[in-house]
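Coordinates as given in start-v7.cif (mmCIF, C-alpha atoms and all ligand atoms):
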data_entry
#
loop_
_atom_site.label_atom_id
_atom_site.label_comp_id
_atom_site.auth_asym_id
_atom_site.auth_seq_id
_atom_site.Cartn_x
_atom_site.Cartn_y
_atom_site.Cartn_z
CA MET I 1 -27.01 -176.91 160.89
CA LYS I 2 -28.43 -176.01 157.49
CA ARG I 3 -27.90 -178.01 154.34
CA SER I 4 -24.24 -177.40 153.47
CA VAL I 5 -21.68 -178.79 151.03
CA ILE I 6 -18.49 -180.19 152.55
CA ASP I 7 -17.70 -182.51 149.64
CA THR I 8 -19.31 -183.15 146.26
CA VAL I 9 -20.86 -186.38 147.51
CA ASP I 10 -23.13 -184.26 149.71
CA LEU I 11 -25.02 -183.60 146.49
CA THR I 12 -26.82 -186.43 144.72
CA VAL I 13 -26.00 -187.12 141.07
CA GLU I 14 -29.43 -185.70 140.18
CA GLU I 15 -28.64 -182.53 142.12
CA LEU I 16 -25.27 -182.26 140.36
CA ASP I 17 -27.05 -182.61 137.02
CA GLY I 18 -29.44 -179.84 138.14
CA ILE I 19 -26.52 -177.56 139.10
CA ILE I 20 -24.86 -178.19 135.72
CA LYS I 21 -28.17 -177.41 134.00
CA THR I 22 -28.56 -174.14 135.95
CA ALA I 23 -24.93 -173.18 135.19
CA CYS I 24 -25.50 -173.77 131.46
CA ASP I 25 -28.65 -171.66 131.64
CA ILE I 26 -26.75 -168.86 133.43
CA ILE I 27 -24.15 -168.97 130.62
CA ASP I 28 -26.94 -168.62 128.04
CA ASN I 29 -29.11 -166.07 129.92
CA PRO I 30 -26.98 -164.18 132.46
CA LYS I 31 -29.51 -161.32 132.69
CA ALA I 32 -32.22 -163.60 133.99
CA TYR I 33 -30.07 -164.27 137.09
CA SER I 34 -28.74 -160.78 137.77
CA GLU I 35 -31.18 -160.06 140.62
CA LYS I 36 -31.79 -163.55 142.00
CA CYS I 37 -29.81 -162.88 145.20
CA LYS I 38 -30.79 -159.25 145.71
CA GLY I 39 -30.60 -158.45 149.42
CA LYS I 40 -28.57 -161.59 150.22
CA LYS I 41 -25.05 -161.64 151.61
CA LEU I 42 -22.26 -164.12 151.09
CA ALA I 43 -19.49 -164.26 153.72
CA THR I 44 -16.14 -165.46 152.38
CA LEU I 45 -14.03 -166.73 155.28
CA PHE I 46 -10.60 -167.53 153.88
CA PHE I 47 -8.09 -168.68 156.50
CA GLU I 48 -5.70 -169.73 153.70
CA PRO I 49 -4.50 -167.98 150.51
CA SER I 50 -6.62 -168.08 147.38
CA THR I 51 -7.03 -166.08 144.18
CA ARG I 52 -9.51 -167.98 142.05
CA THR I 53 -11.77 -169.58 144.58
CA ARG I 54 -12.39 -166.48 146.71
CA LEU I 55 -12.74 -164.05 143.84
CA SER I 56 -14.84 -166.51 141.91
CA PHE I 57 -17.22 -166.85 144.87
CA GLU I 58 -17.36 -163.08 145.17
CA ALA I 59 -17.93 -162.55 141.44
CA ALA I 60 -20.61 -165.27 141.53
CA MET I 61 -22.55 -163.55 144.32
CA LEU I 62 -22.19 -160.10 142.73
CA GLU I 63 -23.44 -161.42 139.38
CA LEU I 64 -26.48 -162.78 141.20
CA GLY I 65 -27.20 -159.28 142.53
CA GLY I 66 -26.12 -160.08 146.10
CA SER I 67 -23.32 -158.62 148.18
CA VAL I 68 -20.19 -159.97 149.82
CA ILE I 69 -18.45 -159.54 153.18
CA GLY I 70 -15.47 -161.45 154.55
CA PHE I 71 -11.73 -161.72 155.04
CA SER I 72 -8.96 -163.19 152.94
CA GLU I 73 -6.43 -164.22 155.57
CA ALA I 74 -6.60 -165.67 159.05
CA SER I 75 -4.37 -162.88 160.39
CA SER I 76 -7.09 -160.30 159.72
CA SER I 77 -9.77 -162.30 161.55
CA SER I 78 -10.25 -163.11 165.23
CA ALA I 79 -8.66 -166.51 164.53
CA ALA I 80 -5.43 -164.59 165.13
CA LYS I 81 -6.70 -163.97 168.69
CA GLY I 82 -7.49 -167.64 169.13
CA GLU I 83 -11.21 -167.67 168.28
CA SER I 84 -12.54 -171.14 167.54
CA VAL I 85 -13.99 -172.10 164.15
CA ALA I 86 -17.27 -172.90 165.91
CA ASP I 87 -17.56 -169.42 167.43
CA THR I 88 -16.60 -167.71 164.17
CA ALA I 89 -19.38 -169.63 162.41
CA LYS I 90 -21.97 -168.63 165.02
CA VAL I 91 -20.95 -164.99 164.74
CA ILE I 92 -20.97 -164.86 160.94
CA SER I 93 -24.44 -166.45 160.93
CA CYS I 94 -25.68 -163.15 162.42
CA TYR I 95 -24.34 -161.15 159.47
CA ALA I 96 -24.74 -163.19 156.30
CA ASP I 97 -27.05 -165.62 154.47
CA ILE I 98 -24.45 -168.10 153.26
CA ILE I 99 -20.76 -168.83 153.97
CA ALA I 100 -17.88 -169.96 151.74
CA MET I 101 -15.00 -171.10 153.92
CA ARG I 102 -11.41 -172.16 153.24
CA HIS I 103 -9.28 -173.45 156.10
CA PRO I 104 -5.93 -175.25 156.43
CA LYS I 105 -7.33 -177.74 158.96
CA GLU I 106 -9.16 -180.76 157.58
CA GLY I 107 -12.75 -180.92 158.77
CA ALA I 108 -12.84 -177.22 159.80
CA PRO I 109 -15.68 -176.36 157.36
CA TYR I 110 -17.73 -179.25 158.75
CA VAL I 111 -17.25 -177.99 162.32
CA ALA I 112 -18.23 -174.50 161.13
CA ALA I 113 -21.30 -175.82 159.28
CA LYS I 114 -22.45 -177.67 162.40
CA ASN I 115 -22.33 -174.44 164.37
CA ALA I 116 -23.69 -172.08 161.75
CA SER I 117 -27.37 -171.35 161.29
CA ILE I 118 -26.87 -170.59 157.58
CA PRO I 119 -25.63 -172.85 154.75
CA LEU I 120 -21.87 -173.28 154.35
CA ILE I 121 -19.79 -174.26 151.33
CA ASN I 122 -16.35 -175.78 151.81
CA ALA I 123 -13.91 -173.79 149.67
CA GLY I 124 -11.03 -176.19 150.47
CA ASP I 125 -9.91 -177.78 153.76
CA GLY I 126 -6.26 -178.82 154.09
CA SER I 127 -5.51 -181.76 151.81
CA HIS I 128 -9.03 -183.09 152.26
CA CYS I 129 -11.72 -181.80 149.87
CA HIS I 130 -12.48 -178.97 147.47
CA PRO I 131 -16.00 -179.53 146.15
CA THR I 132 -16.51 -176.28 144.23
CA GLN I 133 -13.32 -176.90 142.24
CA THR I 134 -14.88 -180.24 141.39
CA LEU I 135 -18.01 -178.47 140.17
CA ALA I 136 -15.79 -176.39 137.85
CA ASP I 137 -14.05 -179.59 136.68
CA LEU I 138 -17.32 -181.42 136.03
CA LEU I 139 -18.86 -178.58 134.03
CA THR I 140 -15.68 -178.30 131.94
CA ILE I 141 -15.59 -182.03 131.23
CA TYR I 142 -19.31 -181.99 130.43
CA ARG I 143 -19.07 -179.02 128.06
CA GLU I 144 -15.90 -180.21 126.34
CA LYS I 145 -16.60 -183.95 126.11
CA GLY I 146 -20.41 -183.90 126.12
CA ARG I 147 -20.63 -186.52 128.87
CA LEU I 148 -19.56 -187.48 132.37
CA ASN I 149 -19.68 -191.25 131.79
CA ASP I 150 -17.28 -193.52 129.86
CA LEU I 151 -14.11 -191.49 130.25
CA SER I 152 -10.50 -192.32 130.89
CA VAL I 153 -9.20 -189.71 133.33
CA GLY I 154 -5.52 -189.33 134.21
CA PHE I 155 -4.52 -187.48 137.40
CA CYS I 156 -0.90 -186.33 137.40
CA GLY I 157 1.30 -184.77 140.08
CA ASP I 158 0.64 -184.46 143.79
CA LEU I 159 -2.13 -186.97 144.36
CA LYS I 160 -1.38 -187.20 148.07
CA TYR I 161 -1.97 -183.60 149.13
CA GLY I 162 -4.04 -182.42 146.13
CA ARG I 163 -7.51 -181.97 147.59
CA THR I 164 -9.02 -181.21 144.17
CA VAL I 165 -7.99 -184.71 143.06
CA HIS I 166 -9.66 -186.34 146.06
CA SER I 167 -12.92 -184.49 145.50
CA LEU I 168 -13.01 -185.10 141.74
CA ILE I 169 -12.34 -188.83 142.13
CA ASN I 170 -15.12 -188.98 144.71
CA ALA I 171 -17.49 -187.24 142.32
CA LEU I 172 -16.54 -189.35 139.28
CA SER I 173 -17.03 -192.56 141.28
CA ARG I 174 -20.76 -192.04 140.89
CA TYR I 175 -20.68 -192.09 137.09
CA THR I 176 -20.30 -195.23 134.99
CA GLY I 177 -17.43 -196.39 132.79
CA ILE I 178 -14.78 -194.18 134.42
CA LYS I 179 -11.20 -195.43 134.18
CA VAL I 180 -8.66 -193.69 136.38
CA VAL I 181 -4.93 -193.46 135.70
CA LEU I 182 -2.98 -192.23 138.74
CA ILE I 183 0.37 -190.72 137.72
CA SER I 184 2.57 -189.62 140.62
CA PRO I 185 5.93 -190.14 142.29
CA ASN I 186 5.75 -192.96 144.86
CA GLU I 187 5.96 -190.44 147.70
CA LEU I 188 2.86 -188.61 146.48
CA ARG I 189 0.51 -191.51 145.76
CA LEU I 190 -3.22 -191.11 146.26
CA PRO I 191 -4.04 -191.61 149.97
CA LYS I 192 -5.33 -194.96 151.05
CA TYR I 193 -8.69 -193.56 152.16
CA VAL I 194 -9.41 -192.47 148.58
CA ARG I 195 -7.78 -195.48 146.87
CA GLU I 196 -9.50 -198.09 148.99
CA GLY I 197 -12.44 -196.07 150.27
CA VAL I 198 -13.52 -194.80 146.85
CA LEU I 199 -11.82 -196.47 143.86
CA GLU I 200 -11.82 -200.01 145.25
CA LYS I 201 -15.06 -199.73 147.15
CA LYS I 202 -16.88 -198.57 144.03
CA GLY I 203 -15.13 -201.20 141.86
CA MET I 204 -13.61 -198.55 139.60
CA GLU I 205 -10.95 -199.53 137.11
CA TYR I 206 -7.65 -197.83 138.01
CA ILE I 207 -3.92 -198.11 137.54
CA GLU I 208 -1.03 -196.41 139.31
CA THR I 209 2.12 -195.41 137.45
CA THR I 210 5.01 -192.99 137.73
CA ASP I 211 5.19 -192.42 133.97
CA LEU I 212 3.26 -189.59 132.31
CA GLU I 213 4.45 -190.09 128.72
CA SER I 214 3.33 -193.68 128.36
CA SER I 215 -0.13 -192.88 129.77
CA LEU I 216 -0.91 -189.94 127.51
CA ASN I 217 -2.31 -191.76 124.48
CA SER I 218 -5.05 -193.47 126.48
CA LEU I 219 -6.63 -190.45 128.16
CA ASP I 220 -9.79 -188.44 127.45
CA VAL I 221 -8.98 -186.05 130.29
CA LEU I 222 -5.57 -185.21 131.76
CA TYR I 223 -5.84 -183.50 135.15
CA MET I 224 -2.50 -181.89 136.01
CA THR I 225 -1.77 -180.68 139.54
CA ARG I 226 0.78 -178.60 141.39
CA ILE I 227 3.09 -180.20 143.98
CA GLN I 228 1.54 -178.72 147.16
CA ARG I 229 4.58 -177.11 148.80
CA GLU I 230 2.64 -175.76 151.79
CA ARG I 231 1.63 -179.29 152.88
CA PHE I 232 5.17 -180.67 153.13
CA PHE I 233 6.74 -180.90 156.58
CA ASP I 234 10.13 -181.60 154.94
CA ALA I 235 11.41 -178.81 152.63
CA ASP I 236 14.09 -181.07 151.07
CA GLU I 237 11.49 -183.56 150.01
CA TYR I 238 9.55 -180.79 148.27
CA GLU I 239 12.70 -179.65 146.44
CA ARG I 240 13.35 -183.19 145.27
CA LEU I 241 9.80 -183.74 144.01
CA LYS I 242 8.73 -180.32 142.80
CA ASP I 243 9.52 -180.81 139.12
CA SER I 244 8.47 -184.44 138.85
CA TYR I 245 6.21 -183.77 135.85
CA VAL I 246 6.22 -181.00 133.30
CA LEU I 247 3.71 -181.14 130.47
CA THR I 248 5.28 -179.62 127.36
CA ALA I 249 4.08 -179.01 123.80
CA GLU I 250 6.26 -181.99 122.72
CA LYS I 251 4.60 -184.30 125.21
CA MET I 252 1.18 -183.11 124.05
CA GLN I 253 1.98 -184.72 120.69
CA LEU I 254 1.68 -188.08 122.45
CA ALA I 255 -1.88 -187.30 123.60
CA LYS I 256 -5.01 -188.02 121.59
CA PRO I 257 -6.32 -185.23 119.35
CA ASP I 258 -9.30 -184.81 121.69
CA THR I 259 -7.64 -185.25 125.10
CA ILE I 260 -8.51 -182.23 127.22
CA VAL I 261 -6.02 -180.85 129.74
CA LEU I 262 -7.36 -179.52 133.03
CA HIS I 263 -5.57 -177.94 136.00
CA PRO I 264 -7.22 -176.38 139.07
CA LEU I 265 -4.51 -173.67 139.02
CA PRO I 266 -2.33 -172.05 140.23
CA ARG I 267 0.27 -173.69 138.03
CA VAL I 268 3.87 -173.47 139.04
CA ASN I 269 6.03 -175.37 136.55
CA GLU I 270 3.96 -178.39 135.66
CA ILE I 271 2.45 -177.10 132.41
CA SER I 272 4.66 -175.18 130.01
CA VAL I 273 3.01 -171.91 128.90
CA LYS I 274 3.48 -173.14 125.32
CA VAL I 275 0.72 -175.68 125.99
CA ASP I 276 -1.73 -172.77 126.49
CA GLU I 277 -1.83 -172.29 122.72
CA ASP I 278 -3.02 -175.89 122.23
CA LYS I 279 -6.79 -175.98 121.79
CA ARG I 280 -6.92 -179.01 124.09
CA ALA I 281 -5.76 -176.83 127.02
CA CYS I 282 -8.96 -176.07 128.95
CA TYR I 283 -7.69 -174.75 132.29
CA PHE I 284 -8.69 -171.14 131.72
CA LYS I 285 -12.17 -172.18 130.56
CA GLN I 286 -12.30 -174.21 133.78
CA VAL I 287 -11.81 -170.99 135.79
CA LEU I 288 -14.80 -169.34 134.12
CA ASN I 289 -16.91 -172.46 134.51
CA GLY I 290 -16.11 -172.39 138.24
CA LYS I 291 -17.84 -169.04 138.61
CA TYR I 292 -21.02 -170.29 136.89
CA MET I 293 -21.11 -173.45 139.00
CA ARG I 294 -20.65 -171.42 142.19
CA MET I 295 -23.56 -169.21 141.12
CA ALA I 296 -25.71 -172.29 140.60
CA LEU I 297 -24.64 -173.80 143.94
CA ILE I 298 -25.32 -170.59 145.91
CA LEU I 299 -28.81 -170.44 144.37
CA LYS I 300 -29.48 -174.06 145.24
CA LEU I 301 -28.32 -173.86 148.86
CA LEU I 302 -30.22 -170.63 149.53
CA LYS I 303 -33.35 -172.25 148.11
CA ASP I 304 -32.80 -175.42 150.18
CA ALA I 305 -32.37 -173.28 153.31
CA GLU I 306 -35.60 -171.43 152.55
CA GLU I 307 -37.44 -174.71 152.07
CA GLY I 308 -35.91 -176.26 155.19
CA VAL I 309 -34.19 -179.14 153.36
CA ALA I 310 -32.36 -181.31 155.91
CA PRO I 311 -28.54 -181.46 155.97
CA THR I 312 -26.96 -184.54 154.41
CA HIS I 313 -24.50 -185.01 157.26
CA SER I 314 -25.66 -187.11 160.14
CA GLU I 315 -23.66 -188.29 163.13
CA GLU I 316 -26.11 -191.06 163.85
CA HIS I 317 -23.41 -193.72 163.57
CA ALA I 318 -20.55 -191.68 165.05
CA PHE I 319 -19.16 -192.49 168.50
CA VAL I 320 -16.83 -190.97 171.05
CA GLY I 321 -14.43 -193.39 172.72
CA LYS I 322 -10.82 -193.67 173.78
CA LEU I 323 -9.61 -193.27 170.20
CA LYS I 324 -8.03 -189.89 169.33
CA CYS I 325 -7.36 -188.63 165.80
CA LEU I 326 -3.60 -188.29 165.34
CA ASN I 327 -3.64 -186.40 162.03
CA PRO I 328 -1.81 -183.12 162.75
CA ARG I 329 -3.86 -181.46 159.99
CA CYS I 330 -7.21 -182.47 161.52
CA ILE I 331 -9.36 -179.74 163.07
CA THR I 332 -9.46 -181.81 166.27
CA SER I 333 -5.76 -180.90 166.75
CA THR I 334 -6.59 -177.23 167.34
CA GLU I 335 -10.28 -176.77 168.13
CA GLN I 336 -10.58 -176.80 171.91
CA GLU I 337 -13.12 -179.15 173.43
CA LEU I 338 -14.09 -180.65 170.07
CA GLU I 339 -14.91 -184.28 170.75
CA HIS I 340 -12.94 -186.78 168.67
CA LYS I 341 -15.62 -188.78 166.86
CA PHE I 342 -15.27 -191.85 164.67
CA GLU I 343 -17.37 -193.97 162.35
CA LYS I 344 -17.02 -197.58 161.28
CA THR I 345 -15.75 -198.14 157.73
CA ASP I 346 -16.63 -201.13 155.55
CA VAL I 347 -13.41 -202.86 156.64
CA GLU I 348 -13.73 -204.82 159.87
CA GLY I 349 -11.92 -203.08 162.75
CA VAL I 350 -11.15 -199.91 160.76
CA TYR I 351 -12.62 -196.60 161.93
CA LYS I 352 -12.41 -193.13 160.41
CA CYS I 353 -12.36 -189.68 161.95
CA ILE I 354 -15.63 -187.96 161.01
CA TYR I 355 -13.79 -184.66 160.41
CA CYS I 356 -10.68 -185.50 158.34
CA GLU I 357 -11.46 -189.15 157.41
CA ALA I 358 -8.09 -190.42 158.70
CA GLU I 359 -8.42 -194.16 159.27
CA TYR I 360 -7.41 -196.20 162.31
CA LYS I 361 -7.27 -199.95 162.75
CA ILE I 362 -8.16 -201.16 166.23
C1 LIG P 1 -6.46 -175.56 144.24
C2 LIG P 1 -6.59 -175.61 145.75
O1 LIG P 1 -6.67 -174.58 146.40
O2 LIG P 1 -6.63 -176.73 146.25
N1 LIG P 1 -6.62 -174.27 143.72
C3 LIG P 1 -7.87 -173.80 143.48
O3 LIG P 1 -8.71 -173.71 144.33
N2 LIG P 1 -8.15 -173.52 142.21
C4 LIG P 1 -5.26 -176.23 143.74
C5 LIG P 1 -3.92 -175.83 144.27
O4 LIG P 1 -3.78 -174.97 145.15
O5 LIG P 1 -2.95 -176.42 143.79
#

Represent the structure contained in this file as structure tokens.
Ligand code: NCD
Amino acid sequence: MKRSVIDTVDLTVEELDGIIKTACDIIDNPKAYSEKCKGKKLATLFFEPSTRTRLSFEAAMLELGGSVIGFSEASSSSAAKGESVADTAKVISCYADIIAMRHPKEGAPYVAAKNASIPLINAGDGSHCHPTQTLADLLTIYREKGRLNDLSVGFCGDLKYGRTVHSLINALSRYTGIKVVLISPNELRLPKYVREGVLEKKGMEYIETTDLESSLNSLDVLYMTRIQRERFFDADEYERLKDSYVLTAEKMQLAKPDTIVLHPLPRVNEISVKVDEDKRACYFKQVLNGKYMRMALILKLLKDAEEGVAPTHSEEHAFVGKLKCLNPRCITSTEQELEHKFEKTDVEGVYKCIYCEAEYKI
């Protein structure tokens, strides 16, 4: 395994600062980077739909002078024939220098990274993590607000299945003075492993509410999200919840004059197009920032691989026992012969799956 990024916490805060610095330098001097990856290949393995993330990875590599190979749907890869994630990763390692992988199963990119001999970047796994969206979010907050500390950040919408929310909260937990306002229907609350495992563990100030309007005047950043239809097992429940929150130009009048509005996109109904005209709407800037951050991350991981920097993931404390992960979205549910492995959490008697982080009390 080479140094890879499965979630943002795989990078130290200093490394994140370095990536932000490189991205800002790329914005100022794009020419200086146009040949940095000459002769290098990025493989984009997308087992799930994507517009922004895949094209942004591809544009990032092309702007660095490298080239791109890959596929954009599982049906056009050997996954359709039943090939395992582990085998796909071994094969792609023979063709490319770095991988960006999106997969519906949680933990799939980690399994791929363990089996690859080149660095791998998680481009989104199920409802679990989406670290490069977080890089786009962090650069946007940094460029718009001038800081990543002392911010009140509201997350609104599908906090249960929204992987971008989980990754951004994880990343923000390492900065100081962050207050989090969680705005969601009761059915779509932030999962326990993020609420307890990140917010409470790190002693972050947070509140949960179902009301967007009354929260608006306290926020520096409002992070809107789409209700994630593809993650629902019950179509009626999706229909009932899909329009829970719609940010309109009228509601924006309740926000502070300098509140910025972010959204990982795609948007469905949750932000009225009228809001696009508001200068506080930053979601299209966020898209562009994502490309620069992906350029900076590709450069960093290729350099780390060249220098033989060790991977951050270690299974030193993981164990195999009688326990099986029951999360139907976990990669252990489909990858044949993959051992179910668990790690102790900070709570006595509670263990988590090392792939999808689902917790079990025994
Ligand atoms: C997000 C994702 O894929 O999780 N999109 C993206 O990468 N920009 C958000 C979403 O699909 O709602």

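Checking I:Glu196, I:Glu144, I:Asp137, I:Asp258 one by one against ligand LIG 1 (chain P), counting only C-alpha atoms and all ligand atoms, you find the shortest gap at I:Asp137.
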
Identify, counting only C-alpha atoms and all ligand atoms, the protein, DNA and RNA residues located within 8 Å of ligand LIG 1 (chain P), and give them as an mmCIF file with C-alpha atoms, in the frame of the given file.
data_model
loop_
_atom_site.group_PDB
_atom_site.id
_atom_site.type_symbol
_atom_site.label_atom_id
_atom_site.label_comp_id
_atom_site.auth_asym_id
_atom_site.auth_seq_id
_atom_site.Cartn_x
_atom_site.Cartn_y
_atom_site.Cartn_z
ATOM 1 C CA SER I 50 -6.620 -168.080 147.380
ATOM 2 C CA THR I 51 -7.030 -166.080 144.180
ATOM 3 C CA ARG I 52 -9.510 -167.980 142.050
ATOM 4 C CA THR I 53 -11.770 -169.580 144.580
ATOM 5 C CA ALA I 123 -13.910 -173.790 149.670
ATOM 6 C CA GLY I 124 -11.030 -176.190 150.470
ATOM 7 C CA SER I 127 -5.510 -181.760 151.810
ATOM 8 C CA HIS I 130 -12.480 -178.970 147.470
ATOM 9 C CA GLN I 133 -13.320 -176.900 142.240
ATOM 10 C CA GLY I 162 -4.040 -182.420 146.130
ATOM 11 C CA ARG I 163 -7.510 -181.970 147.590
ATOM 12 C CA THR I 164 -9.020 -181.210 144.170
ATOM 13 C CA THR I 225 -1.770 -180.680 139.540
ATOM 14 C CA ARG I 226 0.780 -178.600 141.390
ATOM 15 C CA ILE I 227 3.090 -180.200 143.980
ATOM 16 C CA GLN I 228 1.540 -178.720 147.160
ATOM 17 C CA HIS I 263 -5.570 -177.940 136.000
ATOM 18 C CA PRO I 264 -7.220 -176.380 139.070
ATOM 19 C CA LEU I 265 -4.510 -173.670 139.020
ATOM 20 C CA PRO I 266 -2.330 -172.050 140.230
ATOM 21 C CA ARG I 267 0.270 -173.690 138.030
ATOM 22 C CA VAL I 287 -11.810 -170.990 135.790
#

*Which of these, I:Leu297, I:Ile260, I:Ala100, I:Val194, has the shortest distance to Lys279 of chain I once you count only C-alpha atoms?*
I:Ile260

*Between I:Thr209, I:Asn170, I:Ser56, I:Ser67, which one has atoms that come closest to Arg189 of chain I, using all atoms listed in the file?*
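So, comparing all the options, the nearest one is I:Thr209.
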
*Residue with smallest distance to Leu120 of chain I - pool I:Tyr175, I:Asp97, I:Ile207, I:Ser77, counting only C-alpha atoms*: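 Counting only C-alpha atoms, the residue closest to Leu120 of chain I is I:Asp97.
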
_For a test of reading the model, state the distance in Å between atom CA of Ala59 of chain I and atom CA of Gly18 of chain I, rounded to one decimal._
21.0 Å

_Shell around Val221 of chain I at 9 Å using all atoms listed in the file, local window under 2 positions removed, as a PyMOL selection string_ = chain I and resi 141+145+151-155+219+223+258-262

Taking 4 positions as the minimum chain separation for residues in the same chain, which residues sit within 9 Å of Glu315 of chain I when counting only C-alpha atoms? Answer as a compact mmCIF listing (two decimals) with C-alpha atoms, in the frame of the given file.
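Contents of result-v3.txt, as written:
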# COMPACT_ATOMS: atom_id res chain seq x y z
CA PHE I 319 -19.16 -192.49 168.50
CA LYS I 341 -15.62 -188.78 166.86
CA GLU I 343 -17.37 -193.97 162.35
CA ILE I 354 -15.63 -187.96 161.01

_Of the listed residues I:Ile98, I:Ala171, I:Leu138, I:Val180, that which approaches Met204 of chain I most closely, counting only C-alpha atoms_ = I:Val180

*Could you state the separation of atom CA of Val347 of chain I and atom CA of Leu188 of chain I in Å, given to one decimal place?*
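A separation of 23.9 Å between them.
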
_For Val350 of chain I, the nearest of the candidates I:Asp28, I:Glu337, I:Ser218, I:Leu323, counting all atoms listed in the file_ =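 The closest residue to Val350 of chain I is I:Leu323.
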
*Separation of atom CA of Cys156 of chain I from atom CA of Val181 of chain I in Å*: 8.4 Å

*Skipping near chain neighbours, those fewer than 2 positions away, what residues fall within 12 Å of Ala255 of chain I using only C-alpha atoms, listed as a ChimeraX atom specification?*
/I:154,212-222,247-253,257-261,278,280-281

*asked:* Set the distance at 6 Å and use only C-alpha atoms: which residues neighbour Pro131 of chain I once local chain neighbours fewer than 6 positions away are removed? I'd like the list as a list in words.
replied: Asp7, Thr8 and Ser167 of chain I

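Residues with any atom within 10 Å of Gly82 of chain I, counting only C-alpha atoms and excluding same-chain neighbours fewer than 3 positions away, are Ser77, Ser78, Ala79, Val85, Thr334 and Glu335 of chain I.
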
Wanna dump the segment 150-226 of chain I-segment 238-242 of chain I contacts at 10 Å for me, each residue with its shortest atom pair and the distance in Å to one decimal, counting all atoms listed in the file, ordered by chain and number, as a tab-separated table?
residue	atom	partner	partner_atom	distance
I:Gly157	CA	I:Lys242	CA	9.1
I:Asp158	CA	I:Lys242	CA	9.1
I:Ser184	CA	I:Leu241	CA	9.9
I:Pro185	CA	I:Leu241	CA	7.7
I:Glu187	CA	I:Leu241	CA	8.6
I:Leu188	CA	I:Leu241	CA	8.8
I:Arg226	CA	I:Lys242	CA	8.3

_Protein/DNA/RNA residues near (-13.2, -176.3, 163.4), cut 9 Å, only C-alpha atoms, as a PyMOL selection string_ = chain I and resi 84-86+103+105-112+330-332+334-336+338+355

Only C-alpha atoms, as a short mmCIF file (atom, residue, chain, number, x, y, z; two decimals), in the first residue's frame: that is what I want for segment 81-119 of chain I.
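Here's the written file result-v8.cif:
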data_model
loop_
_atom_site.label_atom_id
_atom_site.label_comp_id
_atom_site.auth_asym_id
_atom_site.auth_seq_id
_atom_site.Cartn_x
_atom_site.Cartn_y
_atom_site.Cartn_z
CA LYS I 81 -18.33 -9.69 -14.53
CA GLY I 82 -17.86 -9.99 -10.79
CA GLU I 83 -14.24 -8.84 -10.44
CA SER I 84 -13.30 -7.92 -6.89
CA VAL I 85 -12.22 -4.41 -5.89
CA ALA I 86 -8.90 -5.88 -4.74
CA ASP I 87 -8.17 -7.44 -8.14
CA THR I 88 -9.21 -4.30 -10.02
CA ALA I 89 -6.77 -2.28 -7.90
CA LYS I 90 -3.90 -4.70 -8.59
CA VAL I 91 -4.60 -4.58 -12.32
CA ILE I 92 -4.86 -0.79 -12.54
CA SER I 93 -1.57 -0.46 -10.65
CA CYS I 94 0.09 -1.91 -13.78
CA TYR I 95 -1.28 0.87 -15.97
CA ALA I 96 -1.33 4.11 -13.99
CA ASP I 97 0.59 6.16 -11.41
CA ILE I 98 -2.32 7.21 -9.21
CA ILE I 99 -5.99 6.23 -8.81
CA ALA I 100 -9.13 8.23 -8.01
CA MET I 101 -11.93 5.85 -7.08
CA ARG I 102 -15.64 6.26 -6.37
CA HIS I 103 -17.65 3.27 -5.20
CA PRO I 104 -21.12 2.70 -3.72
CA LYS I 105 -19.76 0.34 -1.04
CA GLU I 106 -18.34 1.93 2.10
CA GLY I 107 -14.70 1.04 2.63
CA ALA I 108 -14.18 -0.06 -1.02
CA PRO I 109 -11.48 2.58 -1.68
CA TYR I 110 -9.61 1.43 1.42
CA VAL I 111 -9.67 -2.20 0.22
CA ALA I 112 -8.47 -1.00 -3.20
CA ALA I 113 -5.70 1.12 -1.66
CA LYS I 114 -4.48 -1.86 0.38
CA ASN I 115 -4.15 -3.90 -2.79
CA ALA I 116 -2.78 -1.23 -5.09
CA SER I 117 0.91 -0.48 -5.49
CA ILE I 118 0.19 3.15 -6.40
CA PRO I 119 -1.48 5.93 -4.33
#
